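**Q** This is data_10.pdb (PDB, C-alpha atoms, pLDDT in the B column).
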```pdb
ATOM      1  CA  MET A   1      12.812  13.929  33.499  1.00 89.00           C
ATOM      2  CA  LYS A   2      10.396  15.971  31.370  1.00 94.00           C
ATOM      3  CA  ILE A   3       8.086  13.921  29.151  1.00 96.00           C
ATOM      4  CA  ILE A   4       5.604  14.949  26.450  1.00 97.00           C
ATOM      5  CA  VAL A   5       2.869  12.541  25.321  1.00 97.00           C
ATOM      6  CA  ILE A   6       1.124  13.216  21.980  1.00 97.00           C
ATOM      7  CA  ASP A   7      -1.993  11.208  21.144  1.00 95.00           C
ATOM      8  CA  ASP A   8      -5.433  12.045  19.767  1.00 93.00           C
ATOM      9  CA  GLU A   9      -7.131   9.517  22.087  1.00 92.00           C
ATOM     10  CA  LYS A  10      -7.972  11.036  25.477  1.00 92.00           C
ATOM     11  CA  PRO A  11      -8.054   7.674  27.339  1.00 92.00           C
ATOM     12  CA  THR A  12      -4.476   6.997  26.185  1.00 91.00           C
ATOM     13  CA  LEU A  13      -3.351  10.444  27.340  1.00 93.00           C
ATOM     14  CA  SER A  14      -5.034   9.920  30.696  1.00 94.00           C
ATOM     15  CA  MET A  15      -3.327   6.543  31.145  1.00 93.00           C
ATOM     16  CA  PHE A  16       0.115   7.965  30.367  1.00 94.00           C
ATOM     17  CA  LYS A  17      -0.489  11.000  32.592  1.00 94.00           C
ATOM     18  CA  LEU A  18      -1.556   8.781  35.494  1.00 94.00           C
ATOM     19  CA  PHE A  19       1.323   6.299  35.265  1.00 93.00           C
ATOM     20  CA  LEU A  20       4.112   8.738  34.448  1.00 95.00           C
ATOM     21  CA  THR A  21       3.098  11.244  37.115  1.00 96.00           C
ATOM     22  CA  ALA A  22       2.972   8.421  39.668  1.00 94.00           C
ATOM     23  CA  TYR A  23       6.539   7.541  38.641  1.00 93.00           C
ATOM     24  CA  GLY A  24       7.607  11.088  39.456  1.00 95.00           C
ATOM     25  CA  TYR A  25       8.063  12.472  35.935  1.00 95.00           C
ATOM     26  CA  ASP A  26       7.132  15.984  34.796  1.00 96.00           C
ATOM     27  CA  VAL A  27       4.401  15.115  32.266  1.00 97.00           C
ATOM     28  CA  HIS A  28       2.847  17.279  29.535  1.00 97.00           C
ATOM     29  CA  ILE A  29       0.167  16.066  27.125  1.00 97.00           C
ATOM     30  CA  ALA A  30      -1.037  17.126  23.667  1.00 97.00           C
ATOM     31  CA  GLU A  31      -3.990  15.916  21.575  1.00 95.00           C
ATOM     32  CA  ASP A  32      -2.407  16.650  18.161  1.00 95.00           C
ATOM     33  CA  GLY A  33       0.965  16.964  16.488  1.00 95.00           C
ATOM     34  CA  GLU A  34       1.042  20.759  16.166  1.00 95.00           C
ATOM     35  CA  THR A  35       0.307  21.233  19.865  1.00 96.00           C
ATOM     36  CA  GLY A  36       2.897  18.603  20.702  1.00 96.00           C
ATOM     37  CA  LEU A  37       5.590  20.381  18.691  1.00 96.00           C
ATOM     38  CA  SER A  38       4.746  23.693  20.359  1.00 95.00           C
ATOM     39  CA  LEU A  39       5.144  21.993  23.731  1.00 95.00           C
ATOM     40  CA  CYS A  40       8.501  20.560  22.624  1.00 95.00           C
ATOM     41  CA  ARG A  41       9.784  24.060  21.843  1.00 94.00           C
ATOM     42  CA  LYS A  42       8.514  25.382  25.166  1.00 95.00           C
ATOM     43  CA  VAL A  43       9.295  22.474  27.507  1.00 94.00           C
ATOM     44  CA  GLN A  44      12.416  21.036  25.790  1.00 94.00           C
ATOM     45  CA  PRO A  45      11.608  17.486  26.927  1.00 95.00           C
ATOM     46  CA  ASP A  46      13.959  14.622  27.645  1.00 93.00           C
ATOM     47  CA  MET A  47      11.492  12.141  26.167  1.00 94.00           C
ATOM     48  CA  VAL A  48       8.502  12.207  23.795  1.00 96.00           C
ATOM     49  CA  PHE A  49       5.830   9.552  23.263  1.00 96.00           C
ATOM     50  CA  THR A  50       3.891  10.080  20.037  1.00 95.00           C
ATOM     51  CA  ASP A  51       1.139   8.032  18.438  1.00 93.00           C
ATOM     52  CA  ILE A  52       1.982   7.097  14.864  1.00 91.00           C
ATOM     53  CA  LYS A  53      -1.594   7.502  13.541  1.00 89.00           C
ATOM     54  CA  MET A  54      -3.265  10.855  14.223  1.00 91.00           C
ATOM     55  CA  PRO A  55      -5.514  13.187  12.204  1.00 91.00           C
ATOM     56  CA  GLY A  56      -3.616  16.004  10.559  1.00 91.00           C
ATOM     57  CA  MET A  57       0.067  15.730  11.445  1.00 93.00           C
ATOM     58  CA  ASP A  58       0.875  12.081  12.153  1.00 93.00           C
ATOM     59  CA  GLY A  59       3.568  10.710  14.435  1.00 93.00           C
ATOM     60  CA  LEU A  60       6.103  10.297  11.630  1.00 94.00           C
ATOM     61  CA  GLU A  61       5.900  13.994  10.782  1.00 96.00           C
ATOM     62  CA  VAL A  62       6.159  14.866  14.474  1.00 96.00           C
ATOM     63  CA  LEU A  63       9.274  12.686  14.752  1.00 95.00           C
ATOM     64  CA  ALA A  64      10.837  14.195  11.620  1.00 94.00           C
ATOM     65  CA  ARG A  65      10.272  17.752  12.873  1.00 95.00           C
ATOM     66  CA  ILE A  66      11.620  16.992  16.340  1.00 94.00           C
ATOM     67  CA  ARG A  67      14.809  15.634  14.769  1.00 90.00           C
ATOM     68  CA  LYS A  68      15.224  18.923  12.888  1.00 91.00           C
ATOM     69  CA  MET A  69      14.965  20.967  16.090  1.00 89.00           C
ATOM     70  CA  ASP A  70      17.911  21.861  18.289  1.00 81.00           C
ATOM     71  CA  LEU A  71      16.704  19.174  20.695  1.00 80.00           C
ATOM     72  CA  SER A  72      17.635  15.543  21.250  1.00 84.00           C
ATOM     73  CA  PRO A  73      14.858  13.853  23.230  1.00 91.00           C
ATOM     74  CA  GLU A  74      14.343  10.122  23.197  1.00 90.00           C
ATOM     75  CA  VAL A  75      11.296   9.646  20.932  1.00 93.00           C
ATOM     76  CA  VAL A  76       9.105   6.597  21.484  1.00 93.00           C
ATOM     77  CA  VAL A  77       6.589   5.861  18.731  1.00 92.00           C
ATOM     78  CA  ILE A  78       3.252   4.279  19.668  1.00 90.00           C
ATOM     79  CA  THR A  79       2.365   1.832  16.891  1.00 83.00           C
ATOM     80  CA  GLY A  80      -0.629  -0.274  15.968  1.00 74.00           C
ATOM     81  CA  HIS A  81      -0.600  -4.052  15.497  1.00 62.00           C
ATOM     82  CA  GLY A  82       1.294  -5.139  12.379  1.00 63.00           C
ATOM     83  CA  ASP A  83       2.134  -1.591  11.275  1.00 74.00           C
ATOM     84  CA  MET A  84       5.497  -2.686   9.841  1.00 74.00           C
ATOM     85  CA  GLU A  85       5.885  -0.095   7.068  1.00 82.00           C
ATOM     86  CA  LYS A  86       5.410   2.878   9.368  1.00 85.00           C
ATOM     87  CA  ALA A  87       7.542   1.292  12.062  1.00 82.00           C
ATOM     88  CA  LEU A  88      10.428   0.997   9.588  1.00 85.00           C
ATOM     89  CA  ARG A  89       9.976   4.610   8.504  1.00 90.00           C
ATOM     90  CA  ALA A  90      10.098   5.632  12.166  1.00 90.00           C
ATOM     91  CA  LEU A  91      13.373   3.721  12.566  1.00 88.00           C
ATOM     92  CA  ASP A  92      14.848   5.620   9.616  1.00 91.00           C
ATOM     93  CA  LEU A  93      13.777   8.905  11.219  1.00 91.00           C
ATOM     94  CA  GLY A  94      15.614   8.045  14.427  1.00 87.00           C
ATOM     95  CA  ALA A  95      12.877   6.657  16.670  1.00 88.00           C
ATOM     96  CA  SER A  96      14.403   5.574  19.971  1.00 83.00           C
ATOM     97  CA  ASP A  97      11.852   2.926  20.845  1.00 84.00           C
ATOM     98  CA  PHE A  98       8.394   1.522  20.167  1.00 83.00           C
ATOM     99  CA  ILE A  99       5.298   0.710  22.169  1.00 86.00           C
ATOM    100  CA  ASN A 100       2.356  -1.191  20.730  1.00 83.00           C
ATOM    101  CA  LYS A 101      -1.275  -0.394  21.420  1.00 83.00           C
ATOM    102  CA  PRO A 102      -2.856  -1.391  23.693  1.00 85.00           C
ATOM    103  CA  VAL A 103       0.031  -0.135  25.816  1.00 85.00           C
ATOM    104  CA  GLU A 104       1.296  -2.688  28.330  1.00 83.00           C
ATOM    105  CA  ARG A 105       2.849  -1.666  31.634  1.00 85.00           C
ATOM    106  CA  ASP A 106       5.992  -3.760  30.976  1.00 84.00           C
ATOM    107  CA  ALA A 107       6.508  -2.102  27.587  1.00 83.00           C
ATOM    108  CA  LEU A 108       6.151   1.354  29.129  1.00 89.00           C
ATOM    109  CA  ASN A 109       8.581   0.516  31.922  1.00 89.00           C
ATOM    110  CA  ALA A 110      11.089  -0.862  29.430  1.00 85.00           C
ATOM    111  CA  ALA A 111      10.920   2.301  27.298  1.00 86.00           C
ATOM    112  CA  LEU A 112      11.440   4.507  30.348  1.00 90.00           C
ATOM    113  CA  CYS A 113      14.356   2.410  31.584  1.00 87.00           C
ATOM    114  CA  ARG A 114      16.096   2.487  28.189  1.00 83.00           C
ATOM    115  CA  ALA A 115      15.514   6.244  27.844  1.00 83.00           C
ATOM    116  CA  GLU A 116      17.123   6.878  31.218  1.00 84.00           C
ATOM    117  CA  LYS A 117      20.173   4.809  30.242  1.00 83.00           C
ATOM    118  CA  ARG A 118      20.496   6.292  26.751  1.00 81.00           C
ATOM    119  CA  ARG A 119      20.413   9.843  28.105  1.00 80.00           C
ATOM    120  CA  GLN A 120      23.745   9.090  29.784  1.00 80.00           C
ATOM    121  CA  MET A 121      25.364   7.979  26.512  1.00 77.00           C
ATOM    122  CA  PRO A 122      26.958  10.023  23.710  1.00 70.00           C
ATOM    123  CA  GLY A 123      24.588  10.573  20.782  1.00 65.00           C
ATOM    124  CA  HIS A 124      24.953   8.995  17.330  1.00 69.00           C
ATOM    125  CA  LEU A 125      27.167   6.105  18.414  1.00 78.00           C
ATOM    126  CA  PRO A 126      28.654   4.276  15.393  1.00 87.00           C
ATOM    127  CA  PHE A 127      28.031   0.567  15.082  1.00 92.00           C
ATOM    128  CA  ASP A 128      30.571  -1.728  16.700  1.00 92.00           C
ATOM    129  CA  MET A 129      30.777  -5.313  17.892  1.00 91.00           C
ATOM    130  CA  LYS A 130      32.655  -7.137  20.593  1.00 91.00           C
ATOM    131  CA  VAL A 131      33.473 -10.621  19.297  1.00 87.00           C
ATOM    132  CA  SER A 132      34.154 -13.619  21.510  1.00 84.00           C
ATOM    133  CA  HIS A 133      36.055 -16.187  19.433  1.00 72.00           C
ATOM    134  CA  PRO A 134      35.006 -19.691  20.461  1.00 70.00           C
ATOM    135  CA  PRO A 135      36.933 -22.953  20.371  1.00 65.00           C
ATOM    136  CA  SER A 136      36.167 -25.323  17.501  1.00 62.00           C
ATOM    137  CA  GLY A 137      32.511 -26.298  17.491  1.00 67.00           C
ATOM    138  CA  GLY A 138      31.629 -23.690  20.096  1.00 85.00           C
ATOM    139  CA  THR A 139      29.413 -20.604  20.303  1.00 88.00           C
ATOM    140  CA  LEU A 140      30.298 -17.351  18.531  1.00 87.00           C
ATOM    141  CA  GLU A 141      29.191 -14.475  20.766  1.00 90.00           C
ATOM    142  CA  LEU A 142      28.685 -10.965  19.345  1.00 91.00           C
ATOM    143  CA  THR A 143      27.823  -7.990  21.558  1.00 94.00           C
ATOM    144  CA  LEU A 144      26.267  -5.208  19.483  1.00 94.00           C
ATOM    145  CA  HIS A 145      26.741  -1.489  20.194  1.00 91.00           C
ATOM    146  CA  GLY A 146      25.561   1.641  18.380  1.00 89.00           C
ATOM    147  CA  ARG A 147      23.451   1.958  15.236  1.00 89.00           C
ATOM    148  CA  LEU A 148      23.287  -0.900  12.733  1.00 92.00           C
ATOM    149  CA  SER A 149      22.680   0.707   9.333  1.00 93.00           C
ATOM    150  CA  ALA A 150      24.046   0.669   5.756  1.00 94.00           C
ATOM    151  CA  PRO A 151      27.461   2.241   6.605  1.00 93.00           C
ATOM    152  CA  ALA A 152      28.134  -0.669   8.980  1.00 93.00           C
ATOM    153  CA  ALA A 153      27.582  -3.323   6.289  1.00 93.00           C
ATOM    154  CA  PHE A 154      31.258  -4.270   5.795  1.00 91.00           C
ATOM    155  CA  LEU A 155      31.981  -4.640   9.519  1.00 89.00           C
ATOM    156  CA  TRP A 156      28.770  -6.577  10.087  1.00 90.00           C
ATOM    157  CA  ARG A 157      29.340  -9.009   7.197  1.00 87.00           C
ATOM    158  CA  SER A 158      33.018  -9.516   7.966  1.00 83.00           C
ATOM    159  CA  CYS A 159      32.211 -10.996  11.386  1.00 78.00           C
ATOM    160  CA  LEU A 160      29.561 -13.319  10.027  1.00 78.00           C
ATOM    161  CA  ASP A 161      30.986 -14.482   6.707  1.00 73.00           C
ATOM    162  CA  THR A 162      31.265 -18.158   5.760  1.00 65.00           C
ATOM    163  CA  ALA A 163      34.869 -18.496   6.908  1.00 61.00           C
ATOM    164  CA  ALA A 164      34.139 -17.011  10.334  1.00 67.00           C
ATOM    165  CA  LEU A 165      31.310 -19.478  10.856  1.00 76.00           C
ATOM    166  CA  GLN A 166      33.205 -22.669  10.060  1.00 77.00           C
ATOM    167  CA  GLU A 167      32.843 -25.252  12.843  1.00 80.00           C
ATOM    168  CA  ILE A 168      30.515 -22.952  14.800  1.00 86.00           C
ATOM    169  CA  SER A 169      27.432 -24.552  16.368  1.00 87.00           C
ATOM    170  CA  LYS A 170      25.645 -21.423  17.592  1.00 90.00           C
ATOM    171  CA  VAL A 171      25.708 -17.642  17.155  1.00 90.00           C
ATOM    172  CA  VAL A 172      24.547 -15.500  20.086  1.00 92.00           C
ATOM    173  CA  LEU A 173      23.808 -11.810  19.504  1.00 93.00           C
ATOM    174  CA  THR A 174      23.653  -9.696  22.668  1.00 94.00           C
ATOM    175  CA  PHE A 175      22.077  -6.228  22.359  1.00 91.00           C
ATOM    176  CA  GLU A 176      23.586  -3.442  24.475  1.00 88.00           C
ATOM    177  CA  ASP A 177      21.498  -0.479  25.667  1.00 83.00           C
ATOM    178  CA  SER A 178      23.169   1.704  23.030  1.00 84.00           C
ATOM    179  CA  PHE A 179      21.970  -0.542  20.192  1.00 88.00           C
ATOM    180  CA  SER A 180      19.646   0.900  17.566  1.00 87.00           C
ATOM    181  CA  ILE A 181      18.755  -0.022  14.003  1.00 89.00           C
ATOM    182  CA  ASP A 182      17.097   1.353  10.861  1.00 90.00           C
ATOM    183  CA  SER A 183      15.437  -0.331   7.865  1.00 91.00           C
ATOM    184  CA  SER A 184      18.759  -0.952   6.097  1.00 94.00           C
ATOM    185  CA  GLY A 185      20.062  -2.502   9.320  1.00 93.00           C
ATOM    186  CA  ILE A 186      16.995  -4.752   9.465  1.00 93.00           C
ATOM    187  CA  SER A 187      17.832  -5.919   5.923  1.00 94.00           C
ATOM    188  CA  LEU A 188      21.466  -6.585   6.868  1.00 94.00           C
ATOM    189  CA  LEU A 189      20.379  -8.521   9.940  1.00 93.00           C
ATOM    190  CA  MET A 190      17.882 -10.638   7.997  1.00 93.00           C
ATOM    191  CA  GLU A 191      20.413 -11.314   5.224  1.00 92.00           C
ATOM    192  CA  GLN A 192      22.942 -12.758   7.675  1.00 90.00           C
ATOM    193  CA  LEU A 193      20.343 -14.638   9.698  1.00 91.00           C
ATOM    194  CA  ARG A 194      19.153 -16.477   6.584  1.00 91.00           C
ATOM    195  CA  SER A 195      22.746 -17.307   5.613  1.00 88.00           C
ATOM    196  CA  ILE A 196      23.517 -18.627   9.100  1.00 89.00           C
ATOM    197  CA  GLU A 197      20.293 -20.635   9.206  1.00 88.00           C
ATOM    198  CA  LYS A 198      21.146 -22.330   5.896  1.00 87.00           C
ATOM    199  CA  SER A 199      24.439 -23.467   7.461  1.00 85.00           C
ATOM    200  CA  GLY A 200      22.494 -25.296  10.176  1.00 88.00           C
ATOM    201  CA  ILE A 201      23.835 -23.010  12.906  1.00 90.00           C
ATOM    202  CA  GLY A 202      21.590 -22.059  15.847  1.00 91.00           C
ATOM    203  CA  ILE A 203      20.850 -18.363  16.391  1.00 93.00           C
ATOM    204  CA  VAL A 204      20.007 -16.671  19.689  1.00 94.00           C
ATOM    205  CA  PHE A 205      19.067 -13.044  20.383  1.00 94.00           C
ATOM    206  CA  ASN A 206      20.150 -12.326  23.949  1.00 91.00           C
ATOM    207  CA  ALA A 207      19.025  -9.341  26.075  1.00 88.00           C
ATOM    208  CA  LEU A 208      16.762  -8.256  23.235  1.00 85.00           C
ATOM    209  CA  PRO A 209      15.180  -4.916  24.183  1.00 80.00           C
ATOM    210  CA  TYR A 210      11.528  -5.454  25.075  1.00 75.00           C
ATOM    211  CA  ASN A 211      10.212  -2.940  22.583  1.00 70.00           C
ATOM    212  CA  TYR A 212      12.305  -4.238  19.676  1.00 80.00           C
ATOM    213  CA  ILE A 213      10.722  -7.656  19.988  1.00 83.00           C
ATOM    214  CA  LYS A 214       7.558  -6.592  18.156  1.00 78.00           C
ATOM    215  CA  ILE A 215       9.545  -5.018  15.311  1.00 82.00           C
ATOM    216  CA  PHE A 216      11.725  -8.090  14.884  1.00 89.00           C
ATOM    217  CA  GLN A 217       8.666 -10.342  15.049  1.00 86.00           C
ATOM    218  CA  MET A 218       6.986  -8.341  12.281  1.00 82.00           C
ATOM    219  CA  ALA A 219      10.170  -8.728  10.203  1.00 86.00           C
ATOM    220  CA  GLY A 220       9.935 -12.512  10.612  1.00 90.00           C
ATOM    221  CA  MET A 221      13.106 -12.937  12.680  1.00 93.00           C
ATOM    222  CA  GLU A 222      11.389 -15.023  15.346  1.00 91.00           C
ATOM    223  CA  LYS A 223      11.130 -17.849  12.797  1.00 92.00           C
ATOM    224  CA  ILE A 224      14.928 -17.896  12.492  1.00 93.00           C
ATOM    225  CA  ALA A 225      16.290 -16.913  15.916  1.00 94.00           C
ATOM    226  CA  ALA A 226      15.375 -17.740  19.507  1.00 94.00           C
ATOM    227  CA  PHE A 227      14.472 -14.587  21.455  1.00 93.00           C
ATOM    228  CA  PHE A 228      15.635 -14.068  25.029  1.00 89.00           C
ATOM    229  CA  PRO A 229      14.378 -10.646  26.198  1.00 81.00           C
ATOM    230  CA  GLU A 230      16.273  -8.317  28.474  1.00 74.00           C
ATOM    231  CA  PRO A 231      15.222  -8.594  32.137  1.00 69.00           C
ATOM    232  CA  SER A 232      12.033  -6.692  32.914  1.00 57.00           C
ATOM    233  CA  PRO A 233      12.606  -3.358  34.718  1.00 56.00           C
ATOM    234  CA  VAL A 234      11.625  -3.379  38.380  1.00 48.00           C
TER     235      VAL A 234
END
```
Represent the supplied structure as structure tokens.
**A**
Amino acid sequence: MKIIVIDDEKPTLSMFKLFLTAYGYDVHIAEDGETGLSLCRKVQPDMVFTDIKMPGMDGLEVLARIRKMDLSPEVVVITGHGDMEKALRALDLGASDFINKPVERDALNAALCRAEKRRQMPGHLPFDMKVSHPPSGGTLELTLHGRLSAPAAFLWRSCLDTAALQEISKVVLTFEDSFSIDSSGISLLMEQLRSIEKSGIGIVFNALPYNYIKIFQMAGMEKIAAFFPEPSPV
């Protein structure tokens, strides 16, 4: 797999180069957005890591331009602590994943594992859910696939309306590898979580992708739902 890393901090580039090369990937590095985009045209990578804050062209502009190219790499945005606004903008631009600085080995491994799996899937999967209907007083289990965004609002709300939740004690949301979300999807998710919480129903996020945890924490979802992360990659 060919990977490009774009970051204006040389120690970060060196760390990525060291780890990714040791994993056997074909790694290319760039210290600014323009150089990174030139590399994308030349190398045609399978995956791009880009810092969100850089002098000149920032990571959001890099992401937007990559999405306009005749390329479809997995793009992982490297964010700073609490950078919620830019993280949401990256989601809307089609970011595949997130890693927070300082970069942790587990977060890097999780991003690589998800990228490998997502490369085997069709692009632009529409949102869908597999619903497990429980007996009275049981657990409603929803397995989420594809991209949760504004067009999926009716389907999403129909499975979690008041009638569907009668006599339910717990709602478990399981996140498949194909799952992705944008800012409108975050709003839909929060809207339903608050409604469920008011009904006194427990909420669990199961197999939550490692690198979505930070985004959902920044959105305040951890105060409403119990998080159970996906197993760490070996």
**Q** Give me the result of the PyMOL selection byres ((chain A and resi 63-73) around 12) on this file, residue by residue, as a PyMOL selection string.
**A** chain A and resi 1-4+6+33-34+36-52+57-62+74-78+86-87+89-97+115-116+118-119+122-124
**Q** Restricting it to C-alpha atoms, dump the selection as a PDB file, in the coordinates of the input.
**A**
```
ATOM      1  CA  MET A   1      12.812  13.929  33.499  1.00 89.00           C
ATOM      2  CA  LYS A   2      10.396  15.971  31.370  1.00 94.00           C
ATOM      3  CA  ILE A   3       8.086  13.921  29.151  1.00 96.00           C
ATOM      4  CA  ILE A   4       5.604  14.949  26.450  1.00 97.00           C
ATOM      5  CA  ILE A   6       1.124  13.216  21.980  1.00 97.00           C
ATOM      6  CA  GLY A  33       0.965  16.964  16.488  1.00 95.00           C
ATOM      7  CA  GLU A  34       1.042  20.759  16.166  1.00 95.00           C
ATOM      8  CA  GLY A  36       2.897  18.603  20.702  1.00 96.00           C
ATOM      9  CA  LEU A  37       5.590  20.381  18.691  1.00 96.00           C
ATOM     10  CA  SER A  38       4.746  23.693  20.359  1.00 95.00           C
ATOM     11  CA  LEU A  39       5.144  21.993  23.731  1.00 95.00           C
ATOM     12  CA  CYS A  40       8.501  20.560  22.624  1.00 95.00           C
ATOM     13  CA  ARG A  41       9.784  24.060  21.843  1.00 94.00           C
ATOM     14  CA  LYS A  42       8.514  25.382  25.166  1.00 95.00           C
ATOM     15  CA  VAL A  43       9.295  22.474  27.507  1.00 94.00           C
ATOM     16  CA  GLN A  44      12.416  21.036  25.790  1.00 94.00           C
ATOM     17  CA  PRO A  45      11.608  17.486  26.927  1.00 95.00           C
ATOM     18  CA  ASP A  46      13.959  14.622  27.645  1.00 93.00           C
ATOM     19  CA  MET A  47      11.492  12.141  26.167  1.00 94.00           C
ATOM     20  CA  VAL A  48       8.502  12.207  23.795  1.00 96.00           C
ATOM     21  CA  PHE A  49       5.830   9.552  23.263  1.00 96.00           C
ATOM     22  CA  THR A  50       3.891  10.080  20.037  1.00 95.00           C
ATOM     23  CA  ASP A  51       1.139   8.032  18.438  1.00 93.00           C
ATOM     24  CA  ILE A  52       1.982   7.097  14.864  1.00 91.00           C
ATOM     25  CA  MET A  57       0.067  15.730  11.445  1.00 93.00           C
ATOM     26  CA  ASP A  58       0.875  12.081  12.153  1.00 93.00           C
ATOM     27  CA  GLY A  59       3.568  10.710  14.435  1.00 93.00           C
ATOM     28  CA  LEU A  60       6.103  10.297  11.630  1.00 94.00           C
ATOM     29  CA  GLU A  61       5.900  13.994  10.782  1.00 96.00           C
ATOM     30  CA  VAL A  62       6.159  14.866  14.474  1.00 96.00           C
ATOM     31  CA  GLU A  74      14.343  10.122  23.197  1.00 90.00           C
ATOM     32  CA  VAL A  75      11.296   9.646  20.932  1.00 93.00           C
ATOM     33  CA  VAL A  76       9.105   6.597  21.484  1.00 93.00           C
ATOM     34  CA  VAL A  77       6.589   5.861  18.731  1.00 92.00           C
ATOM     35  CA  ILE A  78       3.252   4.279  19.668  1.00 90.00           C
ATOM     36  CA  LYS A  86       5.410   2.878   9.368  1.00 85.00           C
ATOM     37  CA  ALA A  87       7.542   1.292  12.062  1.00 82.00           C
ATOM     38  CA  ARG A  89       9.976   4.610   8.504  1.00 90.00           C
ATOM     39  CA  ALA A  90      10.098   5.632  12.166  1.00 90.00           C
ATOM     40  CA  LEU A  91      13.373   3.721  12.566  1.00 88.00           C
ATOM     41  CA  ASP A  92      14.848   5.620   9.616  1.00 91.00           C
ATOM     42  CA  LEU A  93      13.777   8.905  11.219  1.00 91.00           C
ATOM     43  CA  GLY A  94      15.614   8.045  14.427  1.00 87.00           C
ATOM     44  CA  ALA A  95      12.877   6.657  16.670  1.00 88.00           C
ATOM     45  CA  SER A  96      14.403   5.574  19.971  1.00 83.00           C
ATOM     46  CA  ASP A  97      11.852   2.926  20.845  1.00 84.00           C
ATOM     47  CA  ALA A 115      15.514   6.244  27.844  1.00 83.00           C
ATOM     48  CA  GLU A 116      17.123   6.878  31.218  1.00 84.00           C
ATOM     49  CA  ARG A 118      20.496   6.292  26.751  1.00 81.00           C
ATOM     50  CA  ARG A 119      20.413   9.843  28.105  1.00 80.00           C
ATOM     51  CA  PRO A 122      26.958  10.023  23.710  1.00 70.00           C
ATOM     52  CA  GLY A 123      24.588  10.573  20.782  1.00 65.00           C
ATOM     53  CA  HIS A 124      24.953   8.995  17.330  1.00 69.00           C
TER      54      HIS A 124
END
```
**Q** Name the closest residue to Glu31 in chain A among the candidates A:Met190, A:Val5, A:Met15, A:Val172; distances are taken between atoms, counting all atoms listed in the file.
**A**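 For Glu31 in chain A, the nearest of the candidates is A:Val5.
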**Q** Quick check, in Å to one decimal: how far apart do CA of Lys130 in chain A and CA of Gln217 in chain A lie?
**A**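 These atoms are spaced 24.8 Å apart.
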**Q** Run the PyMOL selection byres ((chain A and resi 141) around 12) against the file shown and list the residues it catches, as a ChimeraX atom specification.
**A** /A:129-135,138-140,142-144,159-160,164-165,168-175,202-206
**Q** Using only C-alpha atoms, which residue out of A:Thr35, A:Thr12, A:Asn100, A:Gln166 lies closest to Ser199 in chain A?
**A** A:Gln166
**Q** Give me the result of the PyMOL selection byres ((chain A and resi 211) around 7) on this file, residue by residue, as a PyMOL selection string.
**A** chain A and resi 97-99+107+209-210+212-214
**Q** Using only C-alpha atoms, please write the residues we just selected to a file, as a short mmCIF file (atom, residue, chain, number, x, y, z; two decimals), keeping the file's coordinate frame.
**A**
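Okay, out29.cif is ready:
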```
data_model
loop_
_atom_site.label_atom_id
_atom_site.label_comp_id
_atom_site.auth_asym_id
_atom_site.auth_seq_id
_atom_site.Cartn_x
_atom_site.Cartn_y
_atom_site.Cartn_z
CA ASP A 97 11.85 2.93 20.84
CA PHE A 98 8.39 1.52 20.17
CA ILE A 99 5.30 0.71 22.17
CA ALA A 107 6.51 -2.10 27.59
CA PRO A 209 15.18 -4.92 24.18
CA TYR A 210 11.53 -5.45 25.08
CA TYR A 212 12.30 -4.24 19.68
CA ILE A 213 10.72 -7.66 19.99
CA LYS A 214 7.56 -6.59 18.16
#
```
**Q** Using CA of Ile181 in chain A and CA of Ser149 in chain A as the two end points, give the distance in Å to one decimal.
**A**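 Answer for the CA of Ile181 in chain A to CA of Ser149 in chain A separation: 6.1 Å.
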**Q** Using all atoms of range 177-182 of chain A that appear in the file, construct an axis-aligned enclosing box with 3 Å of padding on every side and provide its centre coordinates and edge lengths in Å, rounded to one decimal, as lines of an AutoDock Vina configuration file.
**A**
```
center_x = 20.1
center_y = 0.6
center_z = 18.3
size_x = 12.1
size_y = 8.2
size_z = 20.8
```
